[in-house]
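Here is the structure we will look at, set down as structure tokens.
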Amino acid sequence: MYTNAHYIVFNGVTTSIRCDINGVTSFVPLDPANTDYANLMQLVAEGKLTIAPVEGAN
Amino acid sequence: MSTLKSINVIHPSSATNNIVNDASGNVAIGNNLTVAGTSTISGNETVTGTVVMGSSFKRNRIINGNMLIDQRNAGVEITPVSGQFLTDRWAYYSSQASKMTAQQVTDLNPISFRNSLLMITTSAVTVGASDFFTVTQNIEGYNISDLRWGKSNAQPVTLSFWVFSSLTGTFGASIRNSGNSRSYPFLYTIVSPSTWTYITVNIPGDTSGTWLTNSSTGLSVTFGLGVGSTFSGPAGVWASANYNVATGAVSVVGTAGATFYITGVQLEVGTVATPYEMQIYSDQLAQCQRYFQTSYFGSPVGTATTTNSAFYTVWANTYYAYLNVNFLVSMRTTPTNVSYSTNNGASGVQYNFSLGNQATAFSSNNYGFTNQITNLAAYAGNNYYFHWTASAEL
């Protein structure tokens, strides 16, 4: 289960999505071959999850 | 019965003997020998030429089929959620939570196997049509590319494994493609309860469907522990459907306290189940680390410990600090990273003795990651500790 998703900027570049996966805070890369990223995008496409904008850009 | 006594056997058109017998019981073949069936050699065999096999010497397409590697849980019993990994490369999928436990165990194993995966039903479920409780390994497409599935010359495979259960009857399993649009469900039988049983299943190559041969899932091997009718189909035939098991399979999750052990899982090309292909431990660990790596090295992920943890010391007041870590093995793809506090195992943070758990972030690729911590001003000289995991599972 994916919850609390928002984009992360790392050293000025948006590199990942920080989200809770079954309650574990995880950093999911923006890589279509990554299974978690593919799952997140599917949830977004189905309207079941919203990924919040960048939090605390750095 | 009559006996043919002859030293030489020769074809009328052959210039040399086809077969030469000697007084010691030896036979010499003059030229090529073709065996249409199975050749069994009880003694030794010496080959001075080249051995050409139908498959590679690395026969087993399953990784960690003997359940030896358990990087996440280190042998500790867990109550897995759907999608959670058990022993390395083996994942649990379920439609209902908190019905089974899983554990890598070292007792009760058949000969030659140190470990097995134990599933226990902790809360019995009457499986509904759309319910499923399974243990699955997704095999990377690169590792099945020689099967030529989806083509007219698709090769057969043989699945073999050892199982032990408190229940008896016909249990279910399947092979599926990544799109869940092709599946081969089958049944296997455990006659005696609490007795290790060796199972072999011949599976014809699938000449239809899409079977990926890249770094995505090529095929999935699934063992059913309770599957409803929606995901059950006719045994022993390929179907354009998502069948996890064959119809009529035993439901392990239907009996409280029921046990199911499995080990020695091997999937190989051809129609013969060969003995389990034992791997050198370090080779097998490296195979698993293509999909999952961790700094814990022997402790369950999430343990509060500084042993083997990563850490960095901030020498100057700054807002950011970075730590680069190279992976032990290049990973299948860019992994999902998690950091864990060495103080209490909380995820998504690092631990500092003065400040407590502090937020962090990752940037990674197949070969390593960079970890970052922010807002370090006025904290020069502080150490920051964390454990990490990287998952590029299928």
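Here's how to read the names in the structure tokens: chain A, B, ... by the order shown, residue numbers from 1 in each chain, ligand numbers from 1 in the order shown.
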Determine, using only C-alpha atoms, which residues of segment 20-97 of chain B have any atom at most 12 Å from an atom of segment 18-33 of chain A, and tabulate each with its shortest atom pair and distance in Å to one decimal place, rows ordered by chain and then rising number, as a tab-separated table.
```
residue	atom	partner	partner_atom	distance
B:Pro80	CA	A:Asn22	CA	10.2
B:Val81	CA	A:Asn22	CA	7.6
B:Ser82	CA	A:Asn22	CA	9.0
B:Gly83	CA	A:Asn22	CA	9.2
B:Gln84	CA	A:Asn22	CA	8.8
B:Ala97	CA	A:Asn22	CA	11.6
```
Contact table chain B vs chain A, cut-off 9 Å, shortest pair per residue, only C-alpha atoms, as CSV:
```
residue,atom,partner,partner_atom,distance
B:Val81,CA,A:Asn22,CA,7.6
B:Ser82,CA,A:Met1,CA,8.6
B:Gly83,CA,A:Met1,CA,9.0
B:Gln84,CA,A:Asn22,CA,8.8
B:Ser215,CA,A:Ala33,CA,8.0
B:Ser216,CA,A:Ala33,CA,7.2
B:Arg332,CA,A:Ala33,CA,8.8
B:Thr333,CA,A:Asn34,CA,6.3
B:Thr334,CA,A:Asn34,CA,6.3
B:Pro335,CA,A:Asn34,CA,6.5
B:Thr336,CA,A:Val28,CA,4.6
B:Asn337,CA,A:Phe27,CA,5.1
B:Val338,CA,A:Ser26,CA,4.8
B:Ser339,CA,A:Ser26,CA,7.6
B:Ala346,CA,A:Val24,CA,8.3
B:Ser347,CA,A:Thr25,CA,5.3
B:Gly348,CA,A:Thr25,CA,4.9
B:Val349,CA,A:Thr25,CA,8.6
B:Ala361,CA,A:Phe27,CA,7.3
B:Phe362,CA,A:Phe27,CA,6.5
B:Ser363,CA,A:Thr15,CA,6.2
B:Ser364,CA,A:Pro29,CA,7.3
B:Asn365,CA,A:Pro29,CA,8.4
B:Gln372,CA,A:Phe10,CA,8.0
B:Thr374,CA,A:Asn58,CA,8.7
B:Ser391,CA,A:Asn34,CA,8.8
B:Ala392,CA,A:Asn34,CA,6.3
B:Glu393,CA,A:Thr35,CA,6.8
B:Leu394,CA,A:Thr35,CA,6.0
```
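Taking the backbone of this structure through DSSP, the residues of chain A that come out as alpha helix (DSSP H) are Thr35, Asp36, Tyr37, Ala38, Asn39, Leu40, Met41, Gln42, Leu43, Val44 and Ala45 of chain A.
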Export of the given selection (all heavy atoms) as a PDB file, in the first residue's frame:
```pdb
ATOM      1  N   THR A  35       9.825  -1.189  -9.892  1.00  0.00           N
ATOM      2  CA  THR A  35       8.485  -1.746  -9.673  1.00  0.00           C
ATOM      3  C   THR A  35       7.617  -0.810  -8.840  1.00  0.00           C
ATOM      4  O   THR A  35       6.422  -0.642  -9.116  1.00  0.00           O
ATOM      5  CB  THR A  35       8.590  -3.120  -8.991  1.00  0.00           C
ATOM      6  OG1 THR A  35       9.393  -3.979  -9.817  1.00  0.00           O
ATOM      7  CG2 THR A  35       7.221  -3.749  -8.794  1.00  0.00           C
ATOM      8  N   ASP A  36       8.200  -0.187  -7.809  1.00  0.00           N
ATOM      9  CA  ASP A  36       7.413   0.727  -6.971  1.00  0.00           C
ATOM     10  C   ASP A  36       6.963   1.944  -7.771  1.00  0.00           C
ATOM     11  O   ASP A  36       5.816   2.402  -7.626  1.00  0.00           O
ATOM     12  CB  ASP A  36       8.238   1.169  -5.753  1.00  0.00           C
ATOM     13  CG  ASP A  36       8.483   0.035  -4.782  1.00  0.00           C
ATOM     14  OD1 ASP A  36       7.522  -0.711  -4.477  1.00  0.00           O
ATOM     15  OD2 ASP A  36       9.627  -0.129  -4.338  1.00  0.00           O
ATOM     16  N   TYR A  37       7.848   2.473  -8.606  1.00  0.00           N
ATOM     17  CA  TYR A  37       7.474   3.631  -9.422  1.00  0.00           C
ATOM     18  C   TYR A  37       6.338   3.258 -10.387  1.00  0.00           C
ATOM     19  O   TYR A  37       5.378   4.012 -10.544  1.00  0.00           O
ATOM     20  CB  TYR A  37       8.679   4.144 -10.206  1.00  0.00           C
ATOM     21  CG  TYR A  37       8.374   5.376 -11.022  1.00  0.00           C
ATOM     22  CD1 TYR A  37       8.229   6.627 -10.414  1.00  0.00           C
ATOM     23  CD2 TYR A  37       8.215   5.293 -12.399  1.00  0.00           C
ATOM     24  CE1 TYR A  37       7.934   7.751 -11.165  1.00  0.00           C
ATOM     25  CE2 TYR A  37       7.923   6.413 -13.156  1.00  0.00           C
ATOM     26  CZ  TYR A  37       7.790   7.647 -12.527  1.00  0.00           C
ATOM     27  OH  TYR A  37       7.489   8.769 -13.280  1.00  0.00           O
ATOM     28  N   ALA A  38       6.461   2.081 -11.004  1.00  0.00           N
ATOM     29  CA  ALA A  38       5.402   1.632 -11.909  1.00  0.00           C
ATOM     30  C   ALA A  38       4.079   1.493 -11.162  1.00  0.00           C
ATOM     31  O   ALA A  38       3.016   1.878 -11.678  1.00  0.00           O
ATOM     32  CB  ALA A  38       5.801   0.307 -12.553  1.00  0.00           C
ATOM     33  N   ASN A  39       4.132   0.958  -9.953  1.00  0.00           N
ATOM     34  CA  ASN A  39       2.915   0.815  -9.150  1.00  0.00           C
ATOM     35  C   ASN A  39       2.329   2.179  -8.794  1.00  0.00           C
ATOM     36  O   ASN A  39       1.106   2.376  -8.837  1.00  0.00           O
ATOM     37  CB  ASN A  39       3.212   0.031  -7.870  1.00  0.00           C
ATOM     38  CG  ASN A  39       3.530  -1.425  -8.141  1.00  0.00           C
ATOM     39  OD1 ASN A  39       3.208  -1.964  -9.192  1.00  0.00           O
ATOM     40  ND2 ASN A  39       4.178  -2.079  -7.192  1.00  0.00           N
ATOM     41  N   LEU A  40       3.201   3.121  -8.429  1.00  0.00           N
ATOM     42  CA  LEU A  40       2.731   4.467  -8.094  1.00  0.00           C
ATOM     43  C   LEU A  40       2.047   5.110  -9.290  1.00  0.00           C
ATOM     44  O   LEU A  40       0.969   5.715  -9.166  1.00  0.00           O
ATOM     45  CB  LEU A  40       3.913   5.331  -7.640  1.00  0.00           C
ATOM     46  CG  LEU A  40       4.442   5.094  -6.226  1.00  0.00           C
ATOM     47  CD1 LEU A  40       5.776   5.801  -6.032  1.00  0.00           C
ATOM     48  CD2 LEU A  40       3.444   5.569  -5.177  1.00  0.00           C
ATOM     49  N   MET A  41       2.676   5.001 -10.452  1.00  0.00           N
ATOM     50  CA  MET A  41       2.096   5.618 -11.652  1.00  0.00           C
ATOM     51  C   MET A  41       0.758   4.988 -12.017  1.00  0.00           C
ATOM     52  O   MET A  41      -0.157   5.671 -12.492  1.00  0.00           O
ATOM     53  CB  MET A  41       3.076   5.494 -12.818  1.00  0.00           C
ATOM     54  CG  MET A  41       4.347   6.327 -12.668  1.00  0.00           C
ATOM     55  SD  MET A  41       4.026   8.113 -12.498  1.00  0.00           S
ATOM     56  CE  MET A  41       4.217   8.331 -10.733  1.00  0.00           C
ATOM     57  N   GLN A  42       0.646   3.680 -11.757  1.00  0.00           N
ATOM     58  CA  GLN A  42      -0.630   3.020 -12.045  1.00  0.00           C
ATOM     59  C   GLN A  42      -1.723   3.529 -11.104  1.00  0.00           C
ATOM     60  O   GLN A  42      -2.851   3.787 -11.529  1.00  0.00           O
ATOM     61  CB  GLN A  42      -0.486   1.501 -11.908  1.00  0.00           C
ATOM     62  CG  GLN A  42      -1.784   0.741 -12.244  1.00  0.00           C
ATOM     63  CD  GLN A  42      -1.593  -0.757 -12.289  1.00  0.00           C
ATOM     64  OE1 GLN A  42      -0.470  -1.254 -12.365  1.00  0.00           O
ATOM     65  NE2 GLN A  42      -2.692  -1.487 -12.261  1.00  0.00           N
ATOM     66  N   LEU A  43      -1.361   3.693  -9.825  1.00  0.00           N
ATOM     67  CA  LEU A  43      -2.326   4.214  -8.856  1.00  0.00           C
ATOM     68  C   LEU A  43      -2.747   5.633  -9.223  1.00  0.00           C
ATOM     69  O   LEU A  43      -3.919   6.003  -9.098  1.00  0.00           O
ATOM     70  CB  LEU A  43      -1.733   4.184  -7.446  1.00  0.00           C
ATOM     71  CG  LEU A  43      -1.545   2.797  -6.830  1.00  0.00           C
ATOM     72  CD1 LEU A  43      -0.744   2.883  -5.529  1.00  0.00           C
ATOM     73  CD2 LEU A  43      -2.898   2.132  -6.573  1.00  0.00           C
ATOM     74  N   VAL A  44      -1.784   6.432  -9.659  1.00  0.00           N
ATOM     75  CA  VAL A  44      -2.095   7.803 -10.079  1.00  0.00           C
ATOM     76  C   VAL A  44      -3.034   7.777 -11.286  1.00  0.00           C
ATOM     77  O   VAL A  44      -4.031   8.506 -11.342  1.00  0.00           O
ATOM     78  CB  VAL A  44      -0.805   8.574 -10.404  1.00  0.00           C
ATOM     79  CG1 VAL A  44      -1.119   9.913 -11.073  1.00  0.00           C
ATOM     80  CG2 VAL A  44       0.015   8.797  -9.136  1.00  0.00           C
ATOM     81  N   ALA A  45      -2.731   6.924 -12.257  1.00  0.00           N
ATOM     82  CA  ALA A  45      -3.552   6.830 -13.462  1.00  0.00           C
ATOM     83  C   ALA A  45      -4.977   6.389 -13.138  1.00  0.00           C
ATOM     84  O   ALA A  45      -5.939   6.808 -13.791  1.00  0.00           O
ATOM     85  CB  ALA A  45      -2.911   5.857 -14.453  1.00  0.00           C
TER      86      ALA A  45
END
```
Inset, instruction - In Å, rounded to a single decimal, give me how far atom CA of Tyr281 of chain B is from atom CA of Ser178 of chain B. - result: 28.8 Å
Legend entry - DSSP-assigned strand (DSSP E) among chain A, expressed as a PyMOL selection string: chain A and resi 2-10+13-21+24-29
For Ala235 of chain B, list every protein, DNA or RNA residue within 8 Å, evaluated using only C-alpha atoms, and leave out those in the same chain fewer than 4 positions away; present the list as a short mmCIF file (atom, residue, chain, number, x, y, z; two decimals) with N, CA and C atoms, in the first residue's frame.
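Resulting contents of selection31.cif:
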```
data_model
loop_
_atom_site.label_atom_id
_atom_site.label_comp_id
_atom_site.auth_asym_id
_atom_site.auth_seq_id
_atom_site.Cartn_x
_atom_site.Cartn_y
_atom_site.Cartn_z
N TYR B 184 -0.27 -21.31 -16.81
CA TYR B 184 -0.31 -22.77 -16.87
C TYR B 184 -0.49 -23.27 -15.44
N PRO B 185 -1.73 -23.42 -15.00
CA PRO B 185 -1.97 -23.92 -13.64
C PRO B 185 -1.84 -25.44 -13.60
N PHE B 186 -1.42 -25.93 -12.47
CA PHE B 186 -1.30 -27.39 -12.34
C PHE B 186 -1.51 -27.80 -10.89
N LEU B 187 -1.71 -29.08 -10.70
CA LEU B 187 -1.88 -29.66 -9.36
C LEU B 187 -0.72 -30.61 -9.07
N VAL B 245 -3.53 -21.00 -9.66
CA VAL B 245 -3.49 -22.44 -9.39
C VAL B 245 -4.53 -23.14 -10.27
N ALA B 246 -4.47 -24.47 -10.23
CA ALA B 246 -5.49 -25.25 -10.92
C ALA B 246 -6.70 -25.43 -10.01
N THR B 247 -7.84 -25.59 -10.61
CA THR B 247 -9.07 -25.79 -9.87
C THR B 247 -8.97 -27.06 -9.01
#
```
Legend entry - Distance of atom CA of Gln350 of chain B from atom CA of Phe311 of chain B, expressed in Å to one decimal place: 8.9 Å
